[in-house]
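Asker: Dropping in work13.csv, which is CSV, C-alpha atoms:
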chain,number,residue,atom,x,y,z
A,1,MET,CA,0.0,0.0,0.0
A,2,LEU,CA,1.2,3.5,-0.8
A,3,ASN,CA,2.2,5.8,2.1
A,4,ASP,CA,0.9,9.4,2.3
A,5,THR,CA,3.9,10.9,0.4
A,6,GLU,CA,3.5,8.4,-2.4
A,7,LEU,CA,-0.2,9.0,-2.7
A,8,MET,CA,0.4,12.8,-2.9
A,9,ASP,CA,2.9,12.1,-5.7
A,10,LYS,CA,0.1,10.2,-7.5
A,11,ALA,CA,-2.1,13.2,-7.1
A,12,LYS,CA,0.6,15.5,-8.5
A,13,GLU,CA,1.0,13.1,-11.5
A,14,ALA,CA,-2.7,13.3,-12.1
A,15,TYR,CA,-2.8,17.1,-12.5
A,16,LYS,CA,-0.7,16.7,-15.6
A,17,ASN,CA,-3.8,15.5,-17.3
A,18,SER,CA,-6.0,18.4,-16.1
A,19,TYR,CA,-8.1,20.2,-18.6
A,20,ALA,CA,-8.3,23.7,-17.2
A,21,PRO,CA,-8.3,26.3,-20.1
A,22,TYR,CA,-10.6,28.7,-18.3
A,23,SER,CA,-9.2,28.9,-14.8
A,24,ASN,CA,-5.6,27.6,-15.5
A,25,PHE,CA,-6.0,26.0,-12.0
A,26,CYS,CA,-4.8,22.4,-12.5
A,27,VAL,CA,-5.7,19.9,-9.7
A,28,GLY,CA,-5.1,16.2,-9.3
A,29,ALA,CA,-6.4,13.7,-6.8
A,30,ALA,CA,-5.5,10.2,-5.9
A,31,LEU,CA,-7.3,7.8,-3.5
A,32,ILE,CA,-6.9,4.5,-1.9
A,33,THR,CA,-9.9,2.2,-1.6
A,34,GLU,CA,-10.6,-0.1,1.4
A,35,ASP,CA,-8.8,-3.0,-0.3
A,36,GLY,CA,-5.7,-0.9,-1.3
A,37,SER,CA,-6.7,-0.2,-5.0
A,38,VAL,CA,-5.5,3.3,-6.2
A,39,TYR,CA,-7.5,5.6,-8.4
A,40,SER,CA,-6.6,9.1,-9.6
A,41,GLY,CA,-8.3,11.9,-11.4
A,42,CYS,CA,-7.9,15.5,-12.5
A,43,ASN,CA,-10.2,18.5,-12.9
A,44,ILE,CA,-11.9,18.8,-16.2
A,45,GLU,CA,-13.4,22.2,-17.1
A,46,ASN,CA,-16.1,23.0,-19.6
A,47,ALA,CA,-17.3,26.3,-21.2
A,48,SER,CA,-20.5,25.6,-19.4
A,49,TYR,CA,-19.0,25.9,-16.0
A,50,GLY,CA,-21.6,23.7,-14.3
A,51,ALA,CA,-20.4,20.8,-16.5
A,52,THR,CA,-16.9,21.1,-14.9
A,53,ASN,CA,-15.8,18.2,-12.7
A,54,CYS,CA,-13.3,18.5,-9.9
A,55,ALA,CA,-10.3,16.2,-9.5
A,56,GLU,CA,-11.7,14.6,-6.3
A,57,ARG,CA,-15.0,13.7,-7.8
A,58,THR,CA,-13.3,12.4,-11.0
A,59,ALA,CA,-11.1,10.0,-8.9
A,60,ILE,CA,-14.1,9.0,-6.6
A,61,PHE,CA,-16.4,8.4,-9.6
A,62,LYS,CA,-13.7,6.2,-11.3
A,63,ALA,CA,-13.5,4.1,-8.2
A,64,VAL,CA,-17.2,3.9,-7.6
A,65,SER,CA,-17.8,3.0,-11.3
A,66,GLU,CA,-15.4,0.0,-10.8
A,67,GLY,CA,-17.5,-1.2,-7.8
A,68,TYR,CA,-15.7,0.3,-4.8
A,69,ARG,CA,-17.9,2.0,-2.2
A,70,LYS,CA,-15.4,2.6,0.6
A,71,ILE,CA,-12.4,5.0,0.3
A,72,SER,CA,-9.8,5.2,3.0
A,73,VAL,CA,-7.8,8.3,2.0
A,74,ILE,CA,-7.7,10.9,-0.8
A,75,ALA,CA,-4.8,13.2,-1.6
A,76,VAL,CA,-5.4,16.5,-3.5
A,77,ALA,CA,-2.8,18.6,-5.1
A,78,ALA,CA,-2.7,21.9,-7.1
A,79,LYS,CA,-0.1,22.4,-9.8
A,80,ASP,CA,0.5,25.9,-8.7
A,81,GLY,CA,1.5,24.6,-5.2
A,82,SER,CA,-1.4,26.2,-3.4
A,83,CYS,CA,-3.4,24.2,-0.9
A,84,ALA,CA,-6.3,22.8,-2.8
A,85,TYR,CA,-9.1,22.4,-0.2
A,86,PRO,CA,-12.0,20.3,-1.6
A,87,CYS,CA,-15.1,22.3,-2.5
A,88,GLY,CA,-18.4,21.7,-0.8
A,89,MET,CA,-19.7,19.5,-3.6
A,90,CYS,CA,-16.6,17.2,-3.4
A,91,LEU,CA,-16.8,17.1,0.4
A,92,GLN,CA,-20.5,16.0,0.2
A,93,VAL,CA,-19.5,13.2,-2.3
A,94,MET,CA,-16.7,12.2,0.1
A,95,ASN,CA,-19.4,12.0,2.8
A,96,GLU,CA,-21.1,9.3,0.7
A,97,PHE,CA,-18.1,7.1,0.2
A,98,MET,CA,-15.4,7.9,2.8
A,99,LYS,CA,-17.1,9.0,6.1
A,100,ASP,CA,-14.2,7.7,8.1
A,101,GLY,CA,-11.5,8.5,5.5
A,102,ARG,CA,-8.7,11.0,5.6
A,103,ILE,CA,-8.1,13.9,3.2
A,104,LEU,CA,-4.4,14.7,2.5
A,105,LEU,CA,-3.4,18.2,1.4
A,106,GLU,CA,-0.1,20.1,1.2
A,107,GLU,CA,0.0,23.3,3.2
A,108,ASN,CA,3.2,25.4,2.9
A,109,GLY,CA,5.1,22.4,1.6
A,110,GLN,CA,4.0,20.1,4.4
A,111,LEU,CA,1.6,17.1,4.2
A,112,VAL,CA,-1.4,17.6,6.4
A,113,SER,CA,-4.2,15.2,7.1
A,114,TYR,CA,-7.8,16.1,7.9
A,115,SER,CA,-10.8,14.0,8.8
A,116,LEU,CA,-13.9,14.5,6.6
A,117,ASN,CA,-15.7,15.8,9.7
A,118,GLU,CA,-13.1,18.6,10.2
A,119,LEU,CA,-13.8,19.9,6.6
A,120,LEU,CA,-17.5,19.1,6.5
A,121,PRO,CA,-18.8,19.1,10.0
A,122,HIS,CA,-22.5,18.9,9.0
A,123,GLY,CA,-22.6,16.6,6.0
A,124,PHE,CA,-25.9,14.9,5.5
A,125,ASP,CA,-27.3,11.5,4.6
A,126,LEU,CA,-30.7,10.4,3.5
Let's see the structure in the file written out as structure tokens.
Answerer:
Amino acid sequence: MLNDTELMDKAKEAYKNSYAPYSNFCVGAALITEDGSVYSGCNIENASYGATNCAERTAIFKAVSEGYRKISVIAVAAKDGSCAYPCGMCLQVMNEFMKDGRILLEENGQLVSYSLNELLPHGFDL
């Protein structure tokens, strides 16, 4: 299984495939499922901004489409080196598939780990 640094490296590799002609903000994400499988994704923009998909959701949807329903950890990296906190929509999707998972980010060059509850304290379920 990948360690946190290796997973962040996978997220950084993923942002190379980003399609961000409107914002020029390239983001990559990489995750590990409950059984140790690794999936990555990048942000994909569209001229119709609502059709844009974030890196986190791309990676999660790839894993879910392959039958995985439990994600242990996700790493998120921005090409420009800024800290790429997940948006509310991505956090709510994480709430569906990784309630007890960790979110890895880089802040000032350091890896930091958050619980989902720290970033989305009032996520909801049906």
Asker: Pick out the closest residue to Val38 of chain A from this set: A:Arg102, A:Lys79, A:Lys10, A:His122. Count all atoms listed in the file.
Answerer: A:Lys10
Asker: Using all atoms listed in the file, determine which residues lie at most 10 Å from Gly101 of chain A, disregarding the query and same-chain residues fewer than 4 positions distant; provide the list as a short mmCIF file (atom, residue, chain, number, x, y, z; two decimals) with C-alpha atoms, in the frame of the given file.
Answerer:
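result09.cif written:
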data_model
loop_
_atom_site.label_atom_id
_atom_site.label_comp_id
_atom_site.auth_asym_id
_atom_site.auth_seq_id
_atom_site.Cartn_x
_atom_site.Cartn_y
_atom_site.Cartn_z
CA LEU A 31 -7.30 7.80 -3.50
CA ILE A 32 -6.90 4.50 -1.90
CA THR A 33 -9.90 2.20 -1.60
CA GLU A 34 -10.60 -0.10 1.40
CA LYS A 70 -15.40 2.60 0.60
CA ILE A 71 -12.40 5.00 0.30
CA SER A 72 -9.80 5.20 3.00
CA VAL A 73 -7.80 8.30 2.00
CA ILE A 74 -7.70 10.90 -0.80
CA MET A 94 -16.70 12.20 0.10
CA ASN A 95 -19.40 12.00 2.80
CA PHE A 97 -18.10 7.10 0.20
CA TYR A 114 -7.80 16.10 7.90
CA SER A 115 -10.80 14.00 8.80
CA LEU A 116 -13.90 14.50 6.60
CA ASN A 117 -15.70 15.80 9.70
#
Asker: One decimal, in Å: what's the spacing between atom CA of Ser18 of chain A and atom CA of Ile103 of chain A?
Answerer: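 About the pair atom CA of Ser18 of chain A and atom CA of Ile103 of chain A: they are 19.9 Å apart.
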Asker: For a quick check of understanding, using only C-alpha atoms, which of A:Asn108, A:Asn3, A:Thr58, A:Ser37 has the smallest distance to Ala84 of chain A?
Answerer: A:Asn108
Asker: Give me the residues within 9 Å of Asn46 of chain A as a PyMOL selection string, counting all atoms listed in the file and dropping any in the same chain fewer than 2 places off.
Answerer: chain A and resi 19-22+44+48-53
Asker: Every residue with an atom at most 12 Å from (-8.2, 19.6, -10.4) (file coordinates; all atoms listed in the file) is what I'm after, so could you write them as an NGL selection string?
Answerer: :A and (11-21 or 23-30 or 40-45 or 52-59 or 75-80 or 82-87 or 90)
Asker: Report, in Å to a single decimal, how far apart atom CA of Lys62 of chain A and atom CA of Leu119 of chain A are.
Answerer: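 Atom-to-atom, atom CA of Leu119 of chain A and atom CA of Lys62 of chain A are spaced 22.5 Å apart.
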Asker: Using atom CA of Met89 of chain A and atom CA of Glu106 of chain A as the two end points, give the distance in Å to one decimal.
Answerer: 20.2 Å
Asker: Starting from the incomplete input, reconstruct N, CA and C atoms of segment 109-122 of chain A and write that as a short mmCIF file (atom, residue, chain, number, x, y, z; two decimals), in the frame of the given file.
Answerer:
data_model
loop_
_atom_site.label_atom_id
_atom_site.label_comp_id
_atom_site.auth_asym_id
_atom_site.auth_seq_id
_atom_site.Cartn_x
_atom_site.Cartn_y
_atom_site.Cartn_z
N GLY A 109 4.11 23.41 1.83
CA GLY A 109 5.10 22.40 1.60
C GLY A 109 5.04 21.17 2.51
N GLN A 110 4.11 21.17 3.44
CA GLN A 110 4.00 20.10 4.40
C GLN A 110 2.71 19.29 4.15
N LEU A 111 2.78 17.97 4.25
CA LEU A 111 1.60 17.10 4.20
C LEU A 111 0.76 17.30 5.44
N VAL A 112 -0.52 17.55 5.28
CA VAL A 112 -1.40 17.60 6.40
C VAL A 112 -2.60 16.69 6.14
N SER A 113 -3.14 16.15 7.20
CA SER A 113 -4.20 15.20 7.10
C SER A 113 -5.44 15.72 7.87
N TYR A 114 -6.59 15.68 7.23
CA TYR A 114 -7.80 16.10 7.90
C TYR A 114 -8.83 14.95 7.85
N SER A 115 -9.67 14.90 8.85
CA SER A 115 -10.80 14.00 8.80
C SER A 115 -11.88 14.71 7.95
N LEU A 116 -12.79 13.94 7.40
CA LEU A 116 -13.90 14.50 6.60
C LEU A 116 -14.71 15.46 7.55
N ASN A 117 -14.92 15.03 8.78
CA ASN A 117 -15.70 15.80 9.70
C ASN A 117 -15.08 17.20 10.00
N GLU A 118 -13.76 17.29 9.94
CA GLU A 118 -13.10 18.60 10.20
C GLU A 118 -13.42 19.57 9.02
N LEU A 119 -13.51 19.05 7.79
CA LEU A 119 -13.80 19.90 6.60
C LEU A 119 -15.24 20.04 6.29
N LEU A 120 -16.05 19.07 6.73
CA LEU A 120 -17.50 19.10 6.50
C LEU A 120 -18.19 18.63 7.75
N PRO A 121 -18.27 19.51 8.72
CA PRO A 121 -18.80 19.10 10.00
C PRO A 121 -20.30 18.76 10.02
N HIS A 122 -21.02 19.19 9.02
CA HIS A 122 -22.50 18.90 9.00
C HIS A 122 -22.93 18.32 7.71
#
